[in-house]
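**Student:** Below is a structure I'd like to ask you about.
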Amino acid sequence: MTTTAEAPAKKRSLPWFLEFYNSNVGRKWVMAISGIVGLGFVFFHMFGNLHLYEEPARFDEYAEGLRDFGEPIFSRTLILWIARFGLLAAFAVHVHAGFTLWWKNRKAKPVGYERQQFVEATFASRYMLITGVIVLAFIVYHLAHLTWGLEFLNPSFTRGEARENLIEGLESPITAGWYVVANLALGLHILHGAWSLFQSLGVTHPRFNRWRRNFAVGLTAVIVAGNVSFPIAISTGLVGS
Amino acid sequence: MNLTLKVWRQDGPAAAGRFVMYDATDISPDMSFLEMLDAVNEQLISEGQLPIEFDHDCREGICGTCSLMIDGIPHGPQLSTATCQLHMRKFADGDTITIEPWRAAGFPIVRDLVVDRSAFDRIIEAGGFISVATGSAPDANLMPVPQAAAEAAMDAAACIGCGACVAACPNGAAQLFTAAKVSHLNLLPQGQPERLMRTVNMVDTMEEYFGSCTNIGECTTACPKDISLDFIALMNRDYVRGKVKQRRLTGQRA
C-alpha cells in the first residue's frame, strides 16, 4: 500500500487589506486614519459653527453653503452626501476597530492585579473606550436632535432653519449641559487620540516628537473651547433669536 | 527592619491562587529584594513549609529573569531597575508589601510568582536570521554604521526580555519588547535584507499571545532598561511597510 504525502494545506489568504486589518497593528493604523478623518470633521464642524457669533443671517447662509457646496459643477447636496457617507464609513470602521481591539485586549489580560499603580497612564489614555462610547451616544443623539429633528427630542424643529433650530434646541440648560459633558468626553478622547495616532502610524522623529503632544493638547483646547461655547452662549442667552 | 508581605501563592498552573501574609523579620536594609525573599524562604523551610517560588538568576540586572509586581509596579517602586537591584532601604520599617506575579494571558502562572515567559522565545524565533557572512571576524569598521543608528540600536538591544512591559500594560500587550527586538536589528545595516519580513513575522507571532498597544506608555516607565516608546512607532511603520511593499522588487520572497 502506498501512501501519498498530503499536499501542504494551502493557507487561504484574505485580500491584503483584510489581512492587514486582521492584525492588531494594522487595525490600529486604520483607527488612526479614521481618527484623522474624525478630527478633521470635528474641527471644521466647530469652525463652521462659529458663524453663530456673526449676524443671524450668516449662520443659515453657512448651512445652505454646505448643501450647495460644489455647485454648479456638482448638483446640490451631492458633495454633502459624499462627505456624509465618507464620514459614516470612517466612523463605522473606527468604532468596529475600537470595540474589537478592546475585546482582544480584555482577553489578553484576563486577570488584573490586586494592586496596580499607574505611573505614566492618564485618565484620557486609560478610558478611551468610555469616552468613545459617550461620544458615540452623543453623535446619535445630536443627529436626532438637530439634523433629523425627531419630534420627541425637538418639537419646534423646522427643516432648513438651522440657526433657529440650534437656538431653540439648546435653550434648555439640561440639554446644554449634556452637550457640554459630551464635548468634554470628546476632548479627553482627542487629547489621547490626537497624540496616539502618530505612534500608531509610526510617525516619530526626535525633532518633532514633543510637537505631537503639543498638537494634541492644542487641538483639544481649540475644539473643546469652541464646541462648549455654543451651548453655554445659547442657554445663558448671550446668543438669541 | 520588620515587614509584612502579602504574597500570591498558587500551587500550579490550574490551581486557584490566594494571597498569604508573611512576616519578614530582622531584614537588613542592605539586602536586595530577592535576598529578603531568600530570608523569608529560609524561615519557611525551617518551619517545614513550602518556600515561595520566584524567578531569579544573575541578580545583577542583566539577565531579565526576576519578575515581580511589587506594590503595584513591575520591579517595584524604584524605576529603571530590575527587582534584583531593588534594595530594602527603599522601604520603611513596618511596611506591608504586596507581591504578585506578572499578569497576562501570554504569561501563564507556573507556580506562585513564577510565570512562563516562553511566548517571548516564540517571538524571537519568528525573527529568523540575518544575512551576514560567518567565519573569521571582519575588520573593524568594514561596514560603516552611522553613530546615531549604532546608539539607537544599542538602546533597543538593552532589552533584557523580563516582561515588565507586558506586566504593566493594561492590555497585556508585548509591543515594547517586540519593538526593541525588532529595532535593534532593523536600525543596523546588517539587519536590512530581512527587515520587513522579520517585522511582520515577529509582530504576527506577538499577536498570537498578547494584546494590542493603546499608547498608554506604562510599559516604558516599568522597563528596567528604559526602552523608549519611539521603538513601537518604528515597529508599526515597518509592519505597515512590510504589508504593502512589493517584496519581489527587493529580491525577497513574496
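Residues are referred to by chain and number: the chain letter is A, B, ... according to the order shown in the C-alpha cells, the number counts from 1 in that chain, and ligands are numbered separately from 1 in the order shown.
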Residues of chain B no more than 7 Å from chain A, counting only C-alpha atoms: send them over as a VMD selection string.
**Tutor:** chain B and resid 71 to 73 103 to 106 170 to 172 210 to 212 215 to 218 221 230 233 to 234 236 to 237 240 243
**Student:** Which residues, written as a list in words, have at least one atom at most 7 Å from Ala82 in chain B, with only C-alpha atoms counted and residues fewer than 4 positions away on the same chain left out?
**Tutor:**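 In the requested format, the answer is Gly61, His75, Leu86 and Pro224 of chain B.
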**Student:** Write out as an mmCIF file with C-alpha atoms, in the first residue's frame which residues come within 8 Å of Leu146 in chain A when counting only C-alpha atoms, dropping same-chain ones fewer than 4 positions away.
**Tutor:**
data_model
loop_
_atom_site.group_PDB
_atom_site.id
_atom_site.type_symbol
_atom_site.label_atom_id
_atom_site.label_comp_id
_atom_site.auth_asym_id
_atom_site.auth_seq_id
_atom_site.Cartn_x
_atom_site.Cartn_y
_atom_site.Cartn_z
ATOM 1 C CA HIS A 142 -27.066 65.086 18.217
ATOM 2 C CA ASN A 154 -37.033 68.664 19.379
ATOM 3 C CA PHE A 157 -37.725 71.752 14.732
ATOM 4 C CA ASN A 165 -33.300 75.081 15.434
ATOM 5 C CA LEU A 166 -29.939 75.356 17.156
ATOM 6 C CA GLY A 169 -32.756 73.172 20.761
#
**Student:** Identify, with DSSP run on backbone atoms, the residues in range 25-215 of chain A assigned to helix (DSSP H, G or I), and express the list as a VMD selection string.
**Tutor:** chain A and resid 25 to 53 56 to 67 78 to 108 123 to 126 128 to 147 162 to 169 173 to 201 209 to 215
**Student:** Taking only C-alpha atoms into account, name the residue in A:Ser13, A:Ser172, A:Asn22, A:Thr236 that is nearest to Glu208 in chain B.
**Tutor:** A:Asn22
**Student:** Residues within 9 Å of Ala167 in chain B, please, as a list in words. Count only C-alpha atoms; anything in the same chain fewer than 5 positions from it doesn't count.
**Tutor:**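 After dropping sequence-adjacent residues, the list is Ser67, Met69, Ile73, Pro74, Pro101, Trp102, Arg103, Ala104, Phe107, Gly172, Ala173, Ala174, Cys219 and Ala222 of chain B.
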**Student:** Counting only C-alpha atoms, what is within 8 Å of range 5-12 of chain B, bar same-chain residues fewer than 6 positions away, as a PyMOL selection string?
**Tutor:** chain B and resi 18-24+52+96-101+109-113
**Student:** Can you tell me which residues surround Ile232 in chain B at a distance of at most 7 Å, considering only C-alpha atoms, apart from same-chain residues fewer than 3 positions away, and format the answer as a list in words?
**Tutor:**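 Result of the neighbour search: Gln175, Leu176, Ala179, Leu229, Met235 and Asn236 of chain B.
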